[in-house]
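S.K.: First the structure, which I've put down as structure tokens, then a few questions once you've had a look.
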Amino acid sequence: MLFESSRVKLRKMTKEDTELYHKWRNDMEVMHSTNPSLDVYPMEETKDFVDHVILGTHAGKSYIMVEKGKESPIGIVALINIDYKNRNAECIIDIGEKEYWGKGYGSEGLKLLLDYAFYEMNLHRVYLKVFSFNDKAISLYNKIGFIQEGSSRQSLFRDGTWYDIIHMGILQNEYFEKQVRNV
């Protein structure tokens, strides 16, 4: 079923989610592995970001991941920089509630987003960026079928060390083939 798996459902992000997103955005442990510019954001800046970047563009679709049993928001998945002409988009995922880390919720949420991107939006390619030290995320993306397309060498300075940003992508036909093999 579209936007729903056994444990997760996606719902459109709204302005009412700003406070929750603000909490996740200011949690250094959450953002350490996903945000290139670690910072503490005032609520006004988060409101502007949500209004103009997340909700205020036709080039993005953002969804709150909800754990079905408790109806608890646990993270966000999004397609950003959607290029409708060339059928490309970047995807992002953040699990904001740490008790859900490492339990497969990110995988379920990302697969729901990719189902929507490829089966409904008919996108040709979805890509993402991941920090080279984030082995768990890289493993997940490989398992789903993403392929490393390149890297931006030593472009992230985190905890006193330089890291690469790895660029990965998956094509619509690759995703479909992977789904057939997993049936």
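The chains in the structure tokens are called A, B, ... from first to last as shown; in each chain the residues are counted from 1, and the ligands are counted from 1 in the order shown.
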Tell me which protein, DNA and RNA residues are within 8 Å of Leu2 of chain A, counting only C-alpha atoms, leaving out same-chain ones fewer than 4 positions away, and put them as number ranges by chain.

M.R.: A: 112, 115-116

S.K.: Kindly export the residues of the current selection with all heavy atoms, as an mmCIF file, in the first residue's frame.

M.R.:
```
data_model
loop_
_atom_site.group_PDB
_atom_site.id
_atom_site.type_symbol
_atom_site.label_atom_id
_atom_site.label_comp_id
_atom_site.auth_asym_id
_atom_site.auth_seq_id
_atom_site.Cartn_x
_atom_site.Cartn_y
_atom_site.Cartn_z
ATOM 1 N N LEU A 112 9.415 3.197 1.176
ATOM 2 C CA LEU A 112 8.122 3.832 0.870
ATOM 3 C C LEU A 112 8.324 5.065 -0.007
ATOM 4 O O LEU A 112 7.581 5.287 -0.966
ATOM 5 C CB LEU A 112 7.392 4.216 2.162
ATOM 6 C CG LEU A 112 6.852 3.073 3.002
ATOM 7 C CD1 LEU A 112 6.326 3.592 4.341
ATOM 8 C CD2 LEU A 112 5.753 2.313 2.260
ATOM 9 N N ASP A 115 9.289 3.871 -3.491
ATOM 10 C CA ASP A 115 8.093 3.362 -4.184
ATOM 11 C C ASP A 115 7.320 4.525 -4.789
ATOM 12 O O ASP A 115 6.889 4.479 -5.945
ATOM 13 C CB ASP A 115 7.182 2.586 -3.232
ATOM 14 C CG ASP A 115 7.670 1.178 -2.932
ATOM 15 O OD1 ASP A 115 8.647 0.712 -3.578
ATOM 16 O OD2 ASP A 115 7.078 0.534 -2.041
ATOM 17 N N TYR A 116 7.116 5.560 -4.001
ATOM 18 C CA TYR A 116 6.384 6.734 -4.485
ATOM 19 C C TYR A 116 7.140 7.396 -5.634
ATOM 20 O O TYR A 116 6.550 7.726 -6.673
ATOM 21 C CB TYR A 116 6.162 7.719 -3.332
ATOM 22 C CG TYR A 116 5.449 8.972 -3.751
ATOM 23 C CD1 TYR A 116 4.138 8.928 -4.223
ATOM 24 C CD2 TYR A 116 6.078 10.204 -3.682
ATOM 25 C CE1 TYR A 116 3.487 10.078 -4.615
ATOM 26 C CE2 TYR A 116 5.429 11.367 -4.063
ATOM 27 C CZ TYR A 116 4.130 11.301 -4.536
ATOM 28 O OH TYR A 116 3.489 12.447 -4.932
#
```

S.K.: Segment 4-180 of chain A: which residues are strand (DSSP E) by DSSP, as a ChimeraX atom specification?

M.R.: /A:8-12,61-67,72-83,88-95,125-131,147-158,161-171

S.K.: Hey, which of A:Ser132, A:His167, A:Met28, A:Glu71 ends up closest to Gln154 of chain A? Count only C-alpha atoms.

M.R.: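 With only C-alpha atoms as the atom set, the closest residue is A:Ser132.
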
S.K.: Measuring between only C-alpha atoms, which one of A:Ser5, A:Ser155, A:Thr161, A:Asn134 shows the shortest distance to Gly69 of chain A?

M.R.: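 Under the stated criterion, the closest residue is A:Ser5.
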
S.K.: Using only C-alpha atoms, find each residue in segment 45-113 of chain A having at least one atom no more than 10 Å away from segment 14-25 of chain A; report its shortest atom-to-atom pair and that distance in Å (one decimal), rows by chain then rising number, as CSV.

M.R.:
```
residue,atom,partner,partner_atom,distance
A:Glu45,CA,A:His22,CA,9.3
A:Thr46,CA,A:His22,CA,6.0
A:Lys47,CA,A:Thr18,CA,6.4
A:Asp48,CA,A:Thr18,CA,9.7
A:Phe49,CA,A:Thr18,CA,9.3
A:Val50,CA,A:Thr18,CA,6.7
A:Asp51,CA,A:Lys15,CA,7.4
A:Ile54,CA,A:Thr14,CA,9.3
A:Leu55,CA,A:Thr14,CA,7.4
A:Ser62,CA,A:Thr14,CA,8.8
A:Tyr63,CA,A:Thr14,CA,8.7
A:Ile64,CA,A:Asp17,CA,8.3
A:Pro73,CA,A:Leu20,CA,8.6
A:Ile74,CA,A:Trp24,CA,9.7
A:Gly75,CA,A:Trp24,CA,8.3
A:Ile76,CA,A:Tyr21,CA,8.4
A:Asp94,CA,A:Trp24,CA,8.6
A:Ile95,CA,A:Trp24,CA,8.5
A:Gly96,CA,A:Trp24,CA,5.1
A:Glu97,CA,A:Trp24,CA,7.7
A:Lys98,CA,A:Trp24,CA,9.8
```

S.K.: Generate a file of the selected residues that holds N, CA and C atoms, formatted as a PDB file, in the first residue's frame.

M.R.:
```pdb
ATOM      1  N   GLU A  45      14.394  30.756  12.679  1.00  0.00           N
ATOM      2  CA  GLU A  45      15.146  30.262  11.523  1.00  0.00           C
ATOM      3  C   GLU A  45      14.580  28.927  11.050  1.00  0.00           C
ATOM      4  N   THR A  46      14.197  28.059  11.980  1.00  0.00           N
ATOM      5  CA  THR A  46      13.584  26.788  11.602  1.00  0.00           C
ATOM      6  C   THR A  46      12.242  27.035  10.920  1.00  0.00           C
ATOM      7  N   LYS A  47      11.446  27.973  11.432  1.00  0.00           N
ATOM      8  CA  LYS A  47      10.162  28.303  10.790  1.00  0.00           C
ATOM      9  C   LYS A  47      10.376  28.764   9.358  1.00  0.00           C
ATOM     10  N   ASP A  48      11.360  29.655   9.157  1.00  0.00           N
ATOM     11  CA  ASP A  48      11.666  30.125   7.796  1.00  0.00           C
ATOM     12  C   ASP A  48      12.104  28.971   6.905  1.00  0.00           C
ATOM     13  N   PHE A  49      12.951  28.084   7.440  1.00  0.00           N
ATOM     14  CA  PHE A  49      13.433  26.936   6.672  1.00  0.00           C
ATOM     15  C   PHE A  49      12.263  26.031   6.271  1.00  0.00           C
ATOM     16  N   VAL A  50      11.394  25.722   7.217  1.00  0.00           N
ATOM     17  CA  VAL A  50      10.239  24.868   6.926  1.00  0.00           C
ATOM     18  C   VAL A  50       9.327  25.547   5.903  1.00  0.00           C
ATOM     19  N   ASP A  51       9.030  26.843   6.108  1.00  0.00           N
ATOM     20  CA  ASP A  51       8.113  27.558   5.212  1.00  0.00           C
ATOM     21  C   ASP A  51       8.650  27.677   3.790  1.00  0.00           C
ATOM     22  N   ILE A  54      11.229  23.569   2.891  1.00  0.00           N
ATOM     23  CA  ILE A  54      10.556  22.274   2.950  1.00  0.00           C
ATOM     24  C   ILE A  54       9.160  22.332   2.350  1.00  0.00           C
ATOM     25  N   LEU A  55       8.366  23.314   2.757  1.00  0.00           N
ATOM     26  CA  LEU A  55       6.968  23.367   2.306  1.00  0.00           C
ATOM     27  C   LEU A  55       6.739  24.332   1.151  1.00  0.00           C
ATOM     28  N   SER A  62       8.002  16.414   1.291  1.00  0.00           N
ATOM     29  CA  SER A  62       8.505  15.984   2.594  1.00  0.00           C
ATOM     30  C   SER A  62       7.427  15.264   3.377  1.00  0.00           C
ATOM     31  N   TYR A  63       7.838  14.169   4.023  1.00  0.00           N
ATOM     32  CA  TYR A  63       6.899  13.330   4.764  1.00  0.00           C
ATOM     33  C   TYR A  63       7.451  13.016   6.147  1.00  0.00           C
ATOM     34  N   ILE A  64       6.559  13.039   7.126  1.00  0.00           N
ATOM     35  CA  ILE A  64       6.904  12.614   8.471  1.00  0.00           C
ATOM     36  C   ILE A  64       6.681  11.107   8.533  1.00  0.00           C
ATOM     37  N   PRO A  73       5.488  10.243  15.619  1.00  0.00           N
ATOM     38  CA  PRO A  73       6.440  10.694  14.602  1.00  0.00           C
ATOM     39  C   PRO A  73       7.851  10.270  14.997  1.00  0.00           C
ATOM     40  N   ILE A  74       8.584   9.696  14.039  1.00  0.00           N
ATOM     41  CA  ILE A  74       9.926   9.217  14.360  1.00  0.00           C
ATOM     42  C   ILE A  74      11.014   9.822  13.475  1.00  0.00           C
ATOM     43  N   GLY A  75      10.636  10.432  12.358  1.00  0.00           N
ATOM     44  CA  GLY A  75      11.643  11.000  11.476  1.00  0.00           C
ATOM     45  C   GLY A  75      11.025  11.629  10.249  1.00  0.00           C
ATOM     46  N   ILE A  76      11.879  11.973   9.317  1.00  0.00           N
ATOM     47  CA  ILE A  76      11.445  12.636   8.093  1.00  0.00           C
ATOM     48  C   ILE A  76      12.141  11.988   6.896  1.00  0.00           C
ATOM     49  N   ASP A  94      16.066  11.334   7.860  1.00  0.00           N
ATOM     50  CA  ASP A  94      16.567  11.557   9.219  1.00  0.00           C
ATOM     51  C   ASP A  94      15.617  10.860  10.177  1.00  0.00           C
ATOM     52  N   ILE A  95      16.140   9.983  10.997  1.00  0.00           N
ATOM     53  CA  ILE A  95      15.355   9.405  12.089  1.00  0.00           C
ATOM     54  C   ILE A  95      15.647  10.289  13.297  1.00  0.00           C
ATOM     55  N   GLY A  96      14.684  11.096  13.686  1.00  0.00           N
ATOM     56  CA  GLY A  96      14.879  12.066  14.755  1.00  0.00           C
ATOM     57  C   GLY A  96      14.744  11.489  16.147  1.00  0.00           C
ATOM     58  N   GLU A  97      13.986  10.406  16.278  1.00  0.00           N
ATOM     59  CA  GLU A  97      13.774   9.781  17.584  1.00  0.00           C
ATOM     60  C   GLU A  97      14.763   8.628  17.719  1.00  0.00           C
ATOM     61  N   LYS A  98      15.757   8.806  18.565  1.00  0.00           N
ATOM     62  CA  LYS A  98      16.899   7.885  18.638  1.00  0.00           C
ATOM     63  C   LYS A  98      16.536   6.465  19.056  1.00  0.00           C
TER      64      LYS A  98
END
```

S.K.: I'd like the interatomic distance between atom CA of Asp27 of chain A and atom CA of Glu99 of chain A, to a tenth of an Å.

M.R.: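 These atoms are spaced 13.6 Å apart.
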
S.K.: I need the helix (DSSP H, G or I) residues of segment 53-102 of chain A per DSSP on the backbone, written as a list in words.

M.R.: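 Of segment 53-102 of chain A, only Val53, Ile54, Lys98, Glu99 and Tyr100 of chain A fall in helix (DSSP H, G or I).
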
S.K.: Please save N, CA, C and O atoms of the selected residues as a short mmCIF file (atom, residue, chain, number, x, y, z; two decimals), in the first residue's frame.

M.R.:
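Output below, filename result.cif:
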```cif
data_model
loop_
_atom_site.label_atom_id
_atom_site.label_comp_id
_atom_site.auth_asym_id
_atom_site.auth_seq_id
_atom_site.Cartn_x
_atom_site.Cartn_y
_atom_site.Cartn_z
N VAL A 53 11.87 26.31 2.42
CA VAL A 53 12.65 25.23 1.81
C VAL A 53 11.88 23.92 1.78
O VAL A 53 11.84 23.24 0.76
N ILE A 54 11.23 23.57 2.89
CA ILE A 54 10.56 22.27 2.95
C ILE A 54 9.16 22.33 2.35
O ILE A 54 8.79 21.51 1.51
N LYS A 98 15.76 8.81 18.56
CA LYS A 98 16.90 7.88 18.64
C LYS A 98 16.54 6.46 19.06
O LYS A 98 17.24 5.53 18.70
N GLU A 99 15.45 6.28 19.80
CA GLU A 99 15.07 4.91 20.19
C GLU A 99 14.66 4.06 18.99
O GLU A 99 14.53 2.84 19.11
N TYR A 100 14.48 4.69 17.83
CA TYR A 100 14.12 3.95 16.61
C TYR A 100 15.34 3.67 15.72
O TYR A 100 15.21 3.07 14.66
#
```

S.K.: Measuring between only C-alpha atoms, which one of A:Asn81, A:Asn88, A:Ser6, A:Ser37 shows the shortest distance to Asn122 of chain A?

M.R.: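 Nearest to Asn122 of chain A: A:Asn88.
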
S.K.: Please report the interatomic distance between atom CA of Leu79 of chain A and atom CA of Val30 of chain A in Å with one decimal.

M.R.: 19.2 Å

S.K.: For the atom pair atom CA of Ser107 of chain A and atom CA of Val8 of chain A, what is the interatomic distance in Å to one decimal place?

M.R.: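 Between atom CA of Ser107 of chain A and atom CA of Val8 of chain A the gap is 10.0 Å.
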